[in-house]
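K.L.:
Input structure: protein04.cif, which contains mmCIF, C-alpha atoms.
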```cif
data_start
loop_
_atom_site.group_PDB
_atom_site.id
_atom_site.type_symbol
_atom_site.label_atom_id
_atom_site.label_comp_id
_atom_site.auth_asym_id
_atom_site.auth_seq_id
_atom_site.Cartn_x
_atom_site.Cartn_y
_atom_site.Cartn_z
ATOM 1 C CA MET A 1 29.120 -40.254 -21.823
ATOM 2 C CA ILE A 2 26.600 -37.617 -20.873
ATOM 3 C CA SER A 3 23.032 -38.514 -21.614
ATOM 4 C CA SER A 4 21.216 -36.377 -24.198
ATOM 5 C CA ARG A 5 18.522 -35.710 -21.572
ATOM 6 C CA ILE A 6 20.870 -34.329 -18.933
ATOM 7 C CA VAL A 7 22.286 -31.500 -21.071
ATOM 8 C CA PRO A 8 18.886 -29.835 -21.744
ATOM 9 C CA LEU A 9 17.882 -30.247 -18.090
ATOM 10 C CA ALA A 10 21.152 -28.728 -16.941
ATOM 11 C CA ALA A 11 20.672 -25.796 -19.331
ATOM 12 C CA VAL A 12 17.167 -25.124 -17.956
ATOM 13 C CA ALA A 13 18.403 -25.367 -14.358
ATOM 14 C CA LEU A 14 21.242 -22.951 -15.114
ATOM 15 C CA ALA A 15 18.834 -20.488 -16.768
ATOM 16 C CA VAL A 16 16.502 -20.552 -13.762
ATOM 17 C CA LEU A 17 19.332 -20.044 -11.288
ATOM 18 C CA ALA A 18 20.878 -17.212 -13.332
ATOM 19 C CA ALA A 19 17.575 -15.382 -13.966
ATOM 20 C CA PRO A 20 17.270 -11.874 -12.491
ATOM 21 C CA PRO A 21 15.160 -11.648 -9.341
ATOM 22 C CA VAL A 22 11.436 -11.091 -9.757
ATOM 23 C CA PHE A 23 10.127 -7.705 -8.656
ATOM 24 C CA ALA A 24 9.027 -7.736 -5.037
ATOM 25 C CA HIS A 25 5.518 -6.530 -4.349
ATOM 26 C CA ALA A 26 5.185 -3.023 -2.960
ATOM 27 C CA ARG A 27 4.397 -3.041 0.738
ATOM 28 C CA LEU A 28 3.250 -0.438 3.223
ATOM 29 C CA VAL A 29 6.335 0.702 5.151
ATOM 30 C CA ALA A 30 4.967 3.687 7.122
ATOM 31 C CA ALA A 31 1.622 5.276 7.937
ATOM 32 C CA THR A 32 0.579 8.471 9.713
ATOM 33 C CA PRO A 33 -1.538 8.073 11.760
ATOM 34 C CA ALA A 34 -0.023 4.656 12.406
ATOM 35 C CA SER A 35 -1.918 1.414 12.730
ATOM 36 C CA GLY A 36 -3.357 1.138 16.234
ATOM 37 C CA ALA A 37 -2.318 4.688 17.177
ATOM 38 C CA THR A 38 -4.370 7.007 19.371
ATOM 39 C CA VAL A 39 -3.974 10.582 18.143
ATOM 40 C CA SER A 40 -5.445 14.063 18.347
ATOM 41 C CA SER A 41 -7.600 14.881 15.341
ATOM 42 C CA PRO A 42 -5.221 14.596 12.355
ATOM 43 C CA ARG A 43 -5.531 16.965 9.399
ATOM 44 C CA THR A 44 -3.890 14.543 6.959
ATOM 45 C CA ILE A 45 -3.193 10.876 6.365
ATOM 46 C CA SER A 46 -0.029 9.524 4.744
ATOM 47 C CA LEU A 47 0.822 5.983 3.562
ATOM 48 C CA THR A 48 4.347 5.310 2.305
ATOM 49 C CA PHE A 49 5.120 2.222 0.233
ATOM 50 C CA SER A 50 8.373 0.417 -0.543
ATOM 51 C CA ASP A 51 8.009 1.035 -4.288
ATOM 52 C CA ARG A 52 6.339 3.428 -6.712
ATOM 53 C CA PHE A 53 2.681 2.876 -7.599
ATOM 54 C CA ALA A 54 0.353 4.033 -10.370
ATOM 55 C CA ALA A 55 -1.464 7.010 -8.838
ATOM 56 C CA PRO A 56 -4.573 6.979 -11.083
ATOM 57 C CA PHE A 57 -5.320 3.403 -10.016
ATOM 58 C CA SER A 58 -4.598 3.838 -6.303
ATOM 59 C CA THR A 59 -6.969 4.860 -3.526
ATOM 60 C CA VAL A 60 -7.119 5.605 0.169
ATOM 61 C CA GLU A 61 -10.419 5.738 2.045
ATOM 62 C CA VAL A 62 -11.216 6.401 5.681
ATOM 63 C CA GLU A 63 -14.427 5.379 7.459
ATOM 64 C CA ASP A 64 -15.665 6.287 10.926
ATOM 65 C CA GLN A 65 -16.765 3.674 13.459
ATOM 66 C CA ARG A 66 -20.266 3.620 11.924
ATOM 67 C CA GLY A 67 -18.887 2.833 8.464
ATOM 68 C CA ARG A 68 -19.471 6.314 7.037
ATOM 69 C CA ALA A 69 -16.896 7.623 4.580
ATOM 70 C CA VAL A 70 -14.773 10.535 5.759
ATOM 71 C CA ALA A 71 -14.269 13.227 3.097
ATOM 72 C CA LEU A 72 -10.651 13.699 2.073
ATOM 73 C CA THR A 73 -8.706 15.058 -0.874
ATOM 74 C CA LYS A 74 -6.259 12.473 -2.265
ATOM 75 C CA THR A 75 -2.584 13.393 -2.619
ATOM 76 C CA VAL A 76 0.413 11.574 -4.117
ATOM 77 C CA SER A 77 4.051 12.457 -3.453
ATOM 78 C CA GLN A 78 6.384 13.458 -6.298
ATOM 79 C CA ASP A 79 8.422 10.270 -5.873
ATOM 80 C CA GLY A 80 5.244 8.195 -6.370
ATOM 81 C CA LYS A 81 5.707 6.219 -3.153
ATOM 82 C CA THR A 82 3.409 8.095 -0.746
ATOM 83 C CA LEU A 83 -0.377 8.111 -0.980
ATOM 84 C CA GLY A 84 -2.248 10.421 1.312
ATOM 85 C CA GLY A 85 -5.031 12.846 1.798
ATOM 86 C CA THR A 86 -6.192 15.974 3.565
ATOM 87 C CA PHE A 87 -9.378 15.689 5.592
ATOM 88 C CA ALA A 88 -12.172 18.120 4.683
ATOM 89 C CA ALA A 89 -13.006 18.644 8.372
ATOM 90 C CA PRO A 90 -11.464 17.772 11.751
ATOM 91 C CA LEU A 91 -12.102 14.165 12.781
ATOM 92 C CA PRO A 92 -14.301 13.774 15.862
ATOM 93 C CA THR A 93 -13.401 11.396 18.688
ATOM 94 C CA GLY A 94 -13.755 7.744 17.708
ATOM 95 C CA MET A 95 -12.208 4.843 15.836
ATOM 96 C CA TYR A 96 -11.411 5.060 12.121
ATOM 97 C CA GLN A 97 -10.611 2.408 9.538
ATOM 98 C CA VAL A 98 -8.222 3.112 6.670
ATOM 99 C CA SER A 99 -8.557 1.071 3.464
ATOM 100 C CA TRP A 100 -5.994 1.424 0.715
ATOM 101 C CA ALA A 101 -5.389 -0.091 -2.696
ATOM 102 C CA ILE A 102 -2.456 0.536 -4.997
ATOM 103 C CA ALA A 103 -1.452 -0.614 -8.449
ATOM 104 C CA ALA A 104 2.198 -1.431 -7.838
ATOM 105 C CA ALA A 105 4.901 -0.833 -10.437
ATOM 106 C CA ASP A 106 5.215 -4.603 -10.932
ATOM 107 C CA GLY A 107 1.568 -4.684 -12.046
ATOM 108 C CA HIS A 108 0.125 -6.286 -8.941
ATOM 109 C CA ARG A 109 -2.844 -4.806 -7.082
ATOM 110 C CA MET A 110 -2.073 -4.540 -3.370
ATOM 111 C CA THR A 111 -4.665 -3.782 -0.693
ATOM 112 C CA GLY A 112 -4.783 -3.362 3.056
ATOM 113 C CA THR A 113 -6.653 -1.976 6.019
ATOM 114 C CA TYR A 114 -5.813 -0.744 9.482
ATOM 115 C CA SER A 115 -7.419 1.391 12.163
ATOM 116 C CA PHE A 116 -6.532 4.270 14.461
ATOM 117 C CA THR A 117 -8.360 6.157 17.189
ATOM 118 C CA VAL A 118 -8.930 9.879 17.657
ATOM 119 C CA ARG A 119 -9.153 10.988 21.288
#
```
Take the structure in this file and express it as structure tokens.

P.N.:
Amino acid sequence: MISSRIVPLAAVALAVLAAPPVFAHARLVAATPASGATVSSPRTISLTFSDRFAAPFSTVEVEDQRGRAVALTKTVSQDGKTLGGTFAAPLPTGMYQVSWAIAAADGHRMTGTYSFTVR
């Protein structure tokens, strides 16, 4: 005879195993300029993510090696997966740090940083 405790436990286990997968967090899949790259002065920056994000709650910022913000105009692709910007002026030689934050479609806030160098 099956115990009255085993049936409810088996039902819960079956429900957990049959549940649809949880949304994966959006992740950065490509960046131009790339992390660690040495480039000529870029006119734009582009960060592509694995999933859509909420544009109004997403940012990209670039700082020079002294920690000063670099002026750029934010852009978002039509498919909602690429966050970018156009620099207001050519970037002088030096190292730059990119900081980004997105509100992913699954509701999670994702952030990251990387750097590149202009020669």

K.L.:
Expand the PyMOL selection byres ((chain A and resi 106) around 9) into the individual residues it matches in the shown file, reporting them as a PyMOL selection string.

P.N.:
chain A and resi 23-26+53+103-105+107-109

K.L.:
Starting from the shown file, work through the PyMOL selection byres ((chain A and resi 58) around 6) and note down what comes out as a ChimeraX atom specification.

P.N.:
/A:55-57,59,101-103

K.L.:
Nearest to Gly80 in chain A: which of A:Ser99, A:Phe49, A:Val60, A:Gln65 is it, counting all atoms listed in the file?

P.N.:
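Between A:Ser99, A:Phe49, A:Val60, A:Gln65, the residue approaching Gly80 in chain A most closely is A:Phe49.
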
K.L.:
Please enumerate the residues selected by the PyMOL selection byres ((chain A and resi 30-35) around 10) when evaluated against the supplied file, formatted as a list in words.

P.N.:
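With the PyMOL selection byres ((chain A and resi 30-35) around 10) on this model, the match is Arg27, Leu28, Val29, Gly36, Ala37, Thr38, Val39, Ser40, Ser41, Pro42, Thr44, Ile45, Ser46, Leu47, Thr48, Phe49, Ser50, Thr82, Leu83, Gly84, Gln97, Val98, Thr113, Tyr114, Ser115, Phe116, Thr117 and Val118 of chain A.
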
K.L.:
Please, what distance in Å, to one decimal, runs between CA of Glu63 in chain A and CA of Trp100 in chain A?

P.N.:
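Interatomic distance here is 11.5 Å.
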